[in-house]
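So this block is work06.cif, mmCIF, C-alpha atoms and all ligand atoms:
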```cif
data_final
#
loop_
_atom_site.label_atom_id
_atom_site.label_comp_id
_atom_site.auth_asym_id
_atom_site.auth_seq_id
_atom_site.Cartn_x
_atom_site.Cartn_y
_atom_site.Cartn_z
CA MET A 1 72.34 1.52 44.35
CA PHE A 2 68.61 2.00 44.02
CA LYS A 3 66.88 4.16 46.56
CA ARG A 4 64.26 2.44 48.60
CA LEU A 5 60.66 3.36 47.96
CA ARG A 6 58.64 4.13 51.05
CA ARG A 7 55.26 2.40 51.21
CA GLN A 8 52.41 4.71 50.33
CA PRO A 9 49.94 5.24 53.19
CA SER A 10 46.72 3.42 52.32
CA THR A 11 43.77 5.59 51.35
CA PRO A 12 40.33 5.22 53.03
CA ALA A 13 39.04 3.61 49.83
CA GLU A 14 41.81 1.03 50.07
CA GLU A 15 41.06 0.40 53.73
CA ALA A 16 37.42 -0.24 52.86
CA LYS A 17 38.41 -2.89 50.32
CA LYS A 18 38.97 -6.37 51.58
CA ALA A 19 42.55 -7.54 51.96
CA VAL A 20 42.64 -11.16 50.82
CA ILE A 21 46.29 -11.26 51.81
CA ASP A 22 47.44 -9.32 54.84
CA VAL A 23 51.01 -10.01 55.82
CA ARG A 24 52.58 -8.21 58.79
CA GLY A 25 56.29 -8.28 59.48
CA ILE A 26 56.91 -11.81 58.31
CA THR A 27 60.39 -13.26 58.38
CA LYS A 28 61.65 -16.62 57.25
CA THR A 29 64.95 -18.05 58.39
CA TYR A 30 66.25 -21.35 57.09
CA LEU A 31 68.85 -23.18 59.11
CA MET A 32 71.62 -24.79 57.05
CA GLY A 33 73.74 -26.63 59.59
CA ASP A 34 75.01 -23.78 61.76
CA ILE A 35 74.32 -21.08 59.22
CA GLU A 36 71.12 -19.08 59.20
CA VAL A 37 69.77 -18.01 55.83
CA GLN A 38 67.41 -15.07 56.15
CA ALA A 39 65.12 -15.53 53.16
CA LEU A 40 62.56 -12.90 54.29
CA ARG A 41 63.49 -10.05 56.60
CA GLY A 42 60.21 -8.45 57.64
CA VAL A 43 57.72 -8.26 54.80
CA ASP A 44 54.51 -6.19 55.07
CA LEU A 45 52.08 -6.69 52.24
CA GLN A 46 48.37 -6.23 51.61
CA ILE A 47 46.74 -7.59 48.48
CA TYR A 48 43.08 -6.79 47.90
CA ALA A 49 40.31 -8.86 46.36
CA GLY A 50 40.42 -8.65 42.57
CA GLU A 51 44.01 -7.45 42.28
CA PHE A 52 46.36 -8.72 39.58
CA VAL A 53 49.89 -8.62 40.98
CA SER A 54 53.32 -9.69 39.83
CA ILE A 55 56.28 -10.29 42.10
CA MET A 56 59.75 -9.71 40.67
CA GLY A 57 63.28 -9.71 42.00
CA PRO A 58 66.66 -11.35 41.49
CA SER A 59 67.28 -15.04 42.05
CA GLY A 60 67.46 -15.77 45.77
CA SER A 61 65.57 -12.61 46.77
CA GLY A 62 62.83 -14.62 48.51
CA LYS A 63 60.06 -14.76 45.91
CA SER A 64 59.33 -18.48 46.18
CA THR A 65 59.67 -18.36 49.95
CA LEU A 66 57.05 -15.61 50.05
CA MET A 67 54.74 -17.44 47.62
CA ASN A 68 54.94 -20.63 49.68
CA ILE A 69 53.92 -18.70 52.77
CA LEU A 70 51.11 -16.86 50.94
CA GLY A 71 49.89 -20.21 49.71
CA ALA A 72 49.92 -21.68 53.23
CA LEU A 73 52.41 -24.30 52.05
CA ASP A 74 54.90 -23.07 54.61
CA GLN A 75 54.82 -21.03 57.83
CA PRO A 76 56.81 -17.84 58.49
CA SER A 77 59.46 -17.87 61.26
CA SER A 78 57.83 -14.77 62.76
CA GLY A 79 55.11 -12.28 61.91
CA GLU A 80 51.45 -12.74 61.08
CA TYR A 81 49.60 -13.79 57.96
CA TYR A 82 45.88 -13.20 57.63
CA LEU A 83 44.30 -14.93 54.65
CA ASP A 84 40.75 -13.67 54.11
CA GLY A 85 40.83 -12.42 57.71
CA VAL A 86 41.92 -15.77 59.17
CA ASN A 87 45.25 -15.90 60.99
CA VAL A 88 46.94 -18.69 59.06
CA SER A 89 49.98 -18.72 61.35
CA ARG A 90 47.79 -20.28 64.06
CA LEU A 91 46.21 -23.09 62.04
CA SER A 92 46.96 -26.79 62.42
CA GLU A 93 48.29 -28.84 59.50
CA SER A 94 44.87 -30.25 58.62
CA GLU A 95 43.20 -26.84 58.83
CA LEU A 96 45.93 -25.48 56.56
CA ALA A 97 45.27 -28.21 54.03
CA ARG A 98 41.59 -27.32 54.02
CA VAL A 99 42.31 -23.63 53.52
CA ARG A 100 44.66 -24.43 50.64
CA ASN A 101 42.19 -26.67 48.92
CA LYS A 102 39.26 -24.27 49.30
CA LYS A 103 40.75 -20.85 48.78
CA ILE A 104 43.91 -21.15 46.74
CA GLY A 105 44.76 -22.47 43.30
CA PHE A 106 48.45 -23.09 42.61
CA VAL A 107 50.30 -23.04 39.32
CA PHE A 108 53.98 -23.98 39.21
CA GLN A 109 56.73 -23.34 36.70
CA SER A 110 57.17 -27.05 36.02
CA PHE A 111 53.41 -27.75 35.69
CA ASN A 112 53.51 -30.56 38.32
CA LEU A 113 51.17 -32.86 36.41
CA LEU A 114 50.92 -36.62 36.99
CA LYS A 115 52.66 -38.44 34.15
CA ARG A 116 50.19 -41.23 33.49
CA THR A 117 46.98 -39.32 34.09
CA SER A 118 44.73 -37.76 31.46
CA ALA A 119 44.04 -34.03 31.48
CA LEU A 120 40.48 -34.66 32.61
CA ARG A 121 41.54 -36.82 35.56
CA GLN A 122 44.20 -34.31 36.63
CA VAL A 123 41.56 -31.62 36.88
CA GLU A 124 39.13 -33.93 38.69
CA LEU A 125 41.65 -34.67 41.45
CA PRO A 126 41.21 -31.51 43.56
CA LEU A 127 37.46 -32.08 43.41
CA MET A 128 37.96 -35.59 44.74
CA TYR A 129 40.05 -34.30 47.65
CA ALA A 130 37.35 -31.73 48.36
CA GLY A 131 34.62 -34.39 48.18
CA VAL A 132 32.69 -32.45 45.55
CA SER A 133 30.03 -34.12 43.39
CA GLY A 134 29.52 -33.67 39.63
CA ARG A 135 33.26 -33.86 39.18
CA GLN A 136 33.44 -34.74 35.52
CA LYS A 137 31.16 -31.94 34.44
CA LYS A 138 33.09 -29.36 36.46
CA ALA A 139 36.47 -30.62 35.26
CA LYS A 140 35.29 -30.50 31.64
CA ALA A 141 34.05 -26.94 32.07
CA ALA A 142 37.40 -25.88 33.58
CA LEU A 143 39.33 -27.44 30.68
CA GLU A 144 37.00 -25.80 28.16
CA SER A 145 37.56 -22.43 29.84
CA VAL A 146 41.29 -22.70 29.12
CA GLY A 147 40.71 -23.80 25.53
CA LEU A 148 41.44 -27.50 26.01
CA GLY A 149 38.00 -28.95 25.31
CA ALA A 150 39.50 -31.10 22.54
CA ARG A 151 42.43 -32.43 24.61
CA MET A 152 40.74 -33.90 27.66
CA ASP A 153 41.93 -37.47 27.12
CA HIS A 154 45.55 -36.55 26.44
CA LEU A 155 48.39 -37.46 28.78
CA PRO A 156 50.92 -34.71 29.65
CA SER A 157 53.43 -36.25 27.19
CA GLU A 158 50.83 -35.79 24.45
CA LEU A 159 50.46 -32.06 25.13
CA SER A 160 52.68 -29.04 24.39
CA GLY A 161 54.25 -27.10 27.26
CA GLY A 162 51.66 -24.35 26.94
CA GLN A 163 48.84 -26.89 26.92
CA GLN A 164 50.27 -28.64 29.99
CA GLN A 165 50.37 -25.32 31.80
CA ARG A 166 46.75 -24.73 30.82
CA VAL A 167 45.81 -28.11 32.31
CA ALA A 168 47.56 -26.98 35.49
CA ILE A 169 45.57 -23.73 35.42
CA ALA A 170 42.30 -25.64 34.94
CA ARG A 171 43.27 -27.81 37.92
CA ALA A 172 43.97 -24.67 39.97
CA LEU A 173 40.61 -23.20 38.97
CA VAL A 174 38.28 -26.09 39.33
CA ASN A 175 37.60 -25.63 43.03
CA GLU A 176 36.68 -21.99 42.37
CA PRO A 177 39.41 -20.52 44.56
CA ALA A 178 39.35 -16.86 45.60
CA MET A 179 42.97 -16.57 44.60
CA ILE A 180 45.46 -18.03 42.15
CA LEU A 181 49.13 -18.11 43.12
CA ALA A 182 51.67 -18.94 40.46
CA ASP A 183 55.45 -19.24 40.78
CA GLU A 184 56.93 -18.39 37.38
CA PRO A 185 54.03 -19.89 35.41
CA THR A 186 55.48 -18.71 32.10
CA GLY A 187 59.11 -19.50 33.00
CA ASN A 188 59.26 -22.71 30.93
CA LEU A 189 57.15 -21.49 28.03
CA ASP A 190 57.95 -19.93 24.67
CA SER A 191 56.61 -16.44 24.22
CA ARG A 192 53.43 -17.46 22.37
CA SER A 193 52.43 -19.97 25.06
CA GLY A 194 53.35 -17.40 27.69
CA THR A 195 50.98 -14.95 26.07
CA GLU A 196 48.19 -17.57 26.09
CA VAL A 197 48.72 -18.13 29.80
CA MET A 198 48.62 -14.37 30.41
CA GLN A 199 45.39 -14.09 28.42
CA ILE A 200 43.83 -16.72 30.66
CA PHE A 201 45.01 -15.00 33.84
CA GLN A 202 43.77 -11.61 32.63
CA ARG A 203 40.39 -13.07 31.73
CA LEU A 204 40.03 -14.83 35.09
CA ASN A 205 40.95 -11.63 36.84
CA ARG A 206 38.76 -9.28 34.82
CA GLU A 207 35.73 -11.44 34.19
CA GLN A 208 35.59 -13.50 37.35
CA GLY A 209 37.32 -11.13 39.75
CA ILE A 210 39.79 -13.80 40.83
CA THR A 211 42.82 -12.38 42.64
CA VAL A 212 45.97 -13.41 40.79
CA VAL A 213 49.50 -13.17 42.21
CA PHE A 214 52.44 -14.53 40.29
CA VAL A 215 56.20 -14.48 40.18
CA THR A 216 57.97 -13.60 36.98
CA HIS A 217 61.48 -12.70 35.89
CA ASP A 218 60.10 -11.18 32.72
CA PRO A 219 59.41 -7.41 32.85
CA TRP A 220 57.27 -7.68 29.73
CA ILE A 221 54.99 -10.22 31.43
CA ALA A 222 54.89 -8.04 34.57
CA ARG A 223 53.59 -5.12 32.51
CA HIS A 224 50.40 -7.12 31.90
CA THR A 225 49.52 -6.96 35.61
CA ASN A 226 48.19 -4.03 37.61
CA ARG A 227 50.83 -3.93 40.31
CA VAL A 228 54.48 -4.93 40.51
CA ILE A 229 56.18 -5.80 43.78
CA MET A 230 59.97 -5.98 43.79
CA LEU A 231 61.87 -8.08 46.31
CA ARG A 232 65.54 -7.92 47.06
CA ASP A 233 67.45 -9.70 49.82
CA GLY A 234 64.21 -10.65 51.56
CA ASN A 235 62.73 -7.15 51.57
CA ILE A 236 60.13 -5.42 49.44
CA ILE A 237 62.11 -2.62 47.80
CA ALA A 238 59.38 -1.31 45.51
CA ASP A 239 55.61 -1.64 45.21
CA GLN A 240 54.21 0.12 42.22
CA ALA A 241 50.96 0.35 40.24
CA VAL A 242 51.39 -0.36 36.53
CA LYS A 243 50.20 2.53 34.40
CA ASN A 244 48.13 1.28 31.45
CA PRO A 245 48.71 -2.47 31.84
CA LEU A 246 49.13 -4.28 28.53
CA VAL A 247 46.43 -6.56 27.19
CA ALA A 248 47.90 -10.00 26.48
CA GLY A 249 48.29 -10.65 22.76
CA GLU A 250 47.59 -7.07 21.70
CA SER A 251 51.04 -5.55 21.58
CA GLU A 252 54.48 -6.49 20.31
CA ARG A 253 57.23 -7.29 22.76
CA PRO A 254 59.78 -4.44 22.67
CA SER A 255 63.51 -5.03 22.77
CA LEU A 256 64.84 -6.35 26.06
CA ALA A 257 66.78 -3.16 26.75
CA ASP A 258 63.70 -0.95 26.29
CA GLU A 259 61.49 -3.01 28.51
CA MET A 260 64.06 -3.26 31.31
CA GLU A 261 64.55 0.48 31.24
CA GLU A 262 60.82 1.14 31.35
CA ILE A 263 60.02 -1.21 34.22
CA LEU A 264 62.97 -0.02 36.27
CA GLN A 265 61.98 3.57 35.71
CA ASP A 266 58.44 2.82 36.82
CA ALA A 267 59.34 0.75 39.81
CA TYR A 268 62.32 2.65 41.12
CA TYR A 269 62.05 6.18 39.84
CA GLY A 270 58.33 6.51 39.09
CA GLY A 271 57.29 8.33 42.26
CA LYS A 272 57.74 11.94 43.26
CA GLU A 273 60.92 13.05 45.00
CA GLU A 274 59.32 13.02 48.48
CA GLU A 275 58.29 9.38 48.13
CA TYR A 276 61.89 8.27 48.39
CA ASN A 277 63.80 7.80 51.59
N1 LIG B 301 64.62 -24.99 52.00
C1 LIG B 301 65.61 -24.09 52.09
N2 LIG B 301 66.63 -24.29 52.94
C2 LIG B 301 67.63 -23.38 53.06
N3 LIG B 301 67.68 -22.23 52.36
C3 LIG B 301 66.69 -21.98 51.50
C4 LIG B 301 65.60 -22.89 51.31
N4 LIG B 301 64.77 -22.39 50.37
C5 LIG B 301 65.30 -21.21 50.01
N5 LIG B 301 66.46 -20.97 50.67
C6 LIG B 301 67.31 -19.76 50.55
O1 LIG B 301 66.47 -18.62 50.79
C7 LIG B 301 66.75 -17.59 49.87
C8 LIG B 301 65.50 -17.24 49.07
O2 LIG B 301 65.17 -18.33 48.23
P1 LIG B 301 63.92 -18.32 47.24
O3 LIG B 301 63.77 -19.69 46.69
O4 LIG B 301 62.74 -17.76 47.95
O5 LIG B 301 64.42 -17.29 46.11
P2 LIG B 301 63.70 -16.86 44.75
O6 LIG B 301 63.57 -15.38 44.79
O7 LIG B 301 62.47 -17.65 44.53
O8 LIG B 301 64.81 -17.24 43.66
P3 LIG B 301 64.63 -17.79 42.14
O9 LIG B 301 64.34 -16.60 41.30
O10 LIG B 301 65.99 -18.36 41.84
O11 LIG B 301 63.55 -18.81 42.12
C9 LIG B 301 67.92 -18.07 49.02
O12 LIG B 301 69.09 -17.55 49.56
C10 LIG B 301 67.86 -19.57 49.16
O13 LIG B 301 69.14 -20.12 49.02
MG MG B 302 61.89 -19.08 43.08
#
```

Spit out the file's structure as structure tokens when you get a sec.
Ligand SMILES: Nc1ncnc2c1ncn2[C@@H]1O[C@H](COP(=O)(O)OP(=O)(O)OP(=O)(O)O)[C@@H](O)[C@H]1O
Ligand SMILES: [Mg+2]
Amino acid sequence: MFKRLRRQPSTPAEEAKKAVIDVRGITKTYLMGDIEVQALRGVDLQIYAGEFVSIMGPSGSGKSTLMNILGALDQPSSGEYYLDGVNVSRLSESELARVRNKKIGFVFQSFNLLKRTSALRQVELPLMYAGVSGRQKKAKAALESVGLGARMDHLPSELSGGQQQRVAIARALVNEPAMILADEPTGNLDSRSGTEVMQIFQRLNREQGITVVFVTHDPWIARHTNRVIMLRDGNIIADQAVKNPLVAGESERPSLADEMEEILQDAYYGGKEEEYN
């Protein structure tokens, strides 16, 4: 059994920063016939503007449930969620849709692109929903920023997996969201395409200050972020800063055994004795 890490008290400097995500005691219970499934059991989490965070944890631990709530795609059963200071738990469906479209860019494991639509059109769509003008120019710029300037007219079937994911990232970016949420964005990609996606996320985070939160099962990918949050059985069991995050594409992937050992040491045993319960 791992010992549970107690949350560090926030420092005044942290308090002064702006929490983009401020989650207080959220739970999520799904009802399956007569059986209640407790997917989240009281999660407290603050994520500040400009952070680059990965969420890890075993299958079924509540990662996607949490991401869907953070993305205002779903509501918690109890608890409060403040997104940029706005209590999302109180918003109507149409207000939620507006918040999603304006503030959040989503990237999914399975890309979620329209089959018969060119890359350029896919990226224009969120701009259409938002009623923005100059759509083509903005969509082109977003595709160029992910290195797909030469693939704008391609359909998803005419693109590699990594390229499809980059179209999805361009689509998430085009409305200039404050935050990108991604549920296993590298899960379906080979390691080279995964690295390309990480390079894009790191660049967006460092150069444009976009807050990035994503789920990964891959400890090596998690080491490229600045903070790792571990979920288990619907609880946050560890929340740890990454010492010396890796720069995507600049180091070799170590053996699986080494990287597991390192991340577990950091996340579970990294703190001082008194930080454990
Ligand atoms: N719509 C639903 N109805 C009922 N139970 C659900 C629903 N969605 C998720 N669950 C249950 O809630 C728990 C958390 O699921 P969740 O999808 O958040 O896990 P996860 O950490 O994302 O797992 P994975 O790594 O496999 O994607 C699981 O026990 C799951 O079976
Ligand atoms: Mg999931």

Interatomic distance, atom CA of A:Ile229 to atom N4 of ligand LIG 301 (chain B) (Å, one decimal):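 Rounded to one decimal, the two atoms are 19.8 Å apart.
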
Could I get the residues of chain A with an atom no further than 6 Å from an atom of ligand LIG 301 (chain B), each paired with its nearest atom pair and that distance in Å to one decimal, using only C-alpha atoms and all ligand atoms, sorted by chain and residue number, as a tab-separated table?
```
residue	atom	partner	partner_atom	distance
A:Tyr30	CA	B:LIG301	C2	4.7
A:Met32	CA	B:LIG301	C2	5.8
A:Val37	CA	B:LIG301	N3	5.8
A:Ala39	CA	B:LIG301	O1	4.1
A:Pro58	CA	B:LIG301	O9	5.7
A:Ser59	CA	B:LIG301	O9	3.4
A:Gly60	CA	B:LIG301	O5	3.4
A:Ser61	CA	B:LIG301	O6	3.9
A:Gly62	CA	B:LIG301	O4	3.2
A:Lys63	CA	B:LIG301	O6	3.7
A:Ser64	CA	B:LIG301	O7	3.6
A:Thr65	CA	B:LIG301	O4	3.7
```

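Remark: for A:Ala182, the closest of the candidate residues A:Gln199, A:Ser54, A:Ser157, A:Gln164 is A:Ser54 (distances computed over all atoms listed in the file).
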
Selected residue of minimal separation from A:Ala168 among A:Val197, A:Leu120, A:Val215, A:Val107, counting only C-alpha atoms: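 Using only C-alpha atoms, A:Ala168 sits closest to A:Val107.
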
Å distance separating atom CA of A:Leu204 from atom CA of A:Glu176, one decimal place: 10.7 Å

Close residues, A:Glu93 itself excluded, 12 Å, only C-alpha atoms, min 3 positions apart in chain, as a ChimeraX atom specification: /A:72-75,88-90,96-100

Pick from A:Val123, A:Ile21, A:Ile237, A:Leu189 nearest to A:Gln109, counting only C-alpha atoms: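 Nearest candidate to A:Gln109 out of A:Val123, A:Ile21, A:Ile237, A:Leu189: A:Leu189.
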
d(atom CA of A:Gly187, atom CA of A:Leu173) in Å: 19.8 Å

Pick from A:Pro76, A:Pro185, A:Gly105, A:Gly162, whichever lies nearest to ligand MG 302 (chain B) using only C-alpha atoms and all ligand atoms: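 Answer, going by the shortest atom-to-atom distance: A:Pro185.
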
Best match for closeness to ligand MG 302 (chain B) among A:Val242, A:Ala49, A:Leu66, A:Ile104, counting only C-alpha atoms and all ligand atoms: A:Leu66

Nearest-residue call for A:Leu70, choices A:Ala119, A:Gln240, A:Val23, A:Asn112, using only C-alpha atoms: A:Val23

Nearby residues, (56.1, -0.4, 43.1) file frame, 7 Å, all atoms listed in the file, as a PyMOL selection string: chain A and resi 227-230+238-241+267

Distance query A:Ala248 at most 12 Å, only C-alpha atoms, self and fewer than 4 positions along chain excluded, as a list in words: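 The residues that qualify are Ser191, Arg192, Ser193, Gly194, Thr195, Glu196, Val197, Met198, Gln199, Ile200, Phe201, Gln202, Arg203, Trp220, Ile221, Ala222, Arg223, His224, Thr225, Glu252 and Arg253 of chain A.
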
With N, CA and C atoms as the target, complete stretch 160-179 of chain A and hand it back as a short mmCIF file (atom, residue, chain, number, x, y, z; two decimals), in the coordinates of the input.
```cif
data_model
loop_
_atom_site.label_atom_id
_atom_site.label_comp_id
_atom_site.auth_asym_id
_atom_site.auth_seq_id
_atom_site.Cartn_x
_atom_site.Cartn_y
_atom_site.Cartn_z
N SER A 160 51.57 -30.01 24.42
CA SER A 160 52.68 -29.04 24.39
C SER A 160 52.86 -28.43 25.78
N GLY A 161 53.99 -27.74 25.97
CA GLY A 161 54.25 -27.10 27.26
C GLY A 161 53.13 -26.14 27.64
N GLY A 162 52.72 -25.32 26.68
CA GLY A 162 51.66 -24.35 26.94
C GLY A 162 50.35 -25.04 27.30
N GLN A 163 50.08 -26.15 26.61
CA GLN A 163 48.84 -26.89 26.92
C GLN A 163 48.93 -27.53 28.30
N GLN A 164 50.11 -28.06 28.64
CA GLN A 164 50.27 -28.64 29.99
C GLN A 164 50.04 -27.58 31.06
N GLN A 165 50.57 -26.38 30.81
CA GLN A 165 50.37 -25.32 31.80
C GLN A 165 48.89 -24.96 31.89
N ARG A 166 48.18 -25.04 30.76
CA ARG A 166 46.75 -24.73 30.82
C ARG A 166 45.96 -25.81 31.58
N VAL A 167 46.42 -27.07 31.48
CA VAL A 167 45.81 -28.11 32.31
C VAL A 167 46.02 -27.77 33.79
N ALA A 168 47.25 -27.33 34.10
CA ALA A 168 47.56 -26.98 35.49
C ALA A 168 46.69 -25.80 35.96
N ILE A 169 46.43 -24.87 35.05
CA ILE A 169 45.57 -23.73 35.42
C ILE A 169 44.13 -24.22 35.63
N ALA A 170 43.66 -25.10 34.76
CA ALA A 170 42.30 -25.64 34.94
C ALA A 170 42.20 -26.36 36.29
N ARG A 171 43.25 -27.10 36.64
CA ARG A 171 43.27 -27.81 37.92
C ARG A 171 43.25 -26.81 39.08
N ALA A 172 43.95 -25.68 38.91
CA ALA A 172 43.97 -24.67 39.97
C ALA A 172 42.61 -23.98 40.12
N LEU A 173 41.88 -23.94 39.01
CA LEU A 173 40.61 -23.20 38.97
C LEU A 173 39.40 -23.96 39.43
N VAL A 174 39.50 -25.28 39.32
CA VAL A 174 38.28 -26.09 39.33
C VAL A 174 37.53 -26.03 40.66
N ASN A 175 38.26 -25.76 41.73
CA ASN A 175 37.60 -25.63 43.03
C ASN A 175 37.08 -24.22 43.30
N GLU A 176 37.11 -23.39 42.26
CA GLU A 176 36.68 -21.99 42.37
C GLU A 176 37.35 -21.26 43.52
N PRO A 177 38.68 -21.20 43.49
CA PRO A 177 39.41 -20.52 44.56
C PRO A 177 39.22 -19.00 44.47
N ALA A 178 39.42 -18.32 45.59
CA ALA A 178 39.35 -16.86 45.60
C ALA A 178 40.62 -16.28 45.00
N MET A 179 41.67 -17.11 44.95
CA MET A 179 42.97 -16.57 44.60
C MET A 179 43.79 -17.61 43.86
#
```
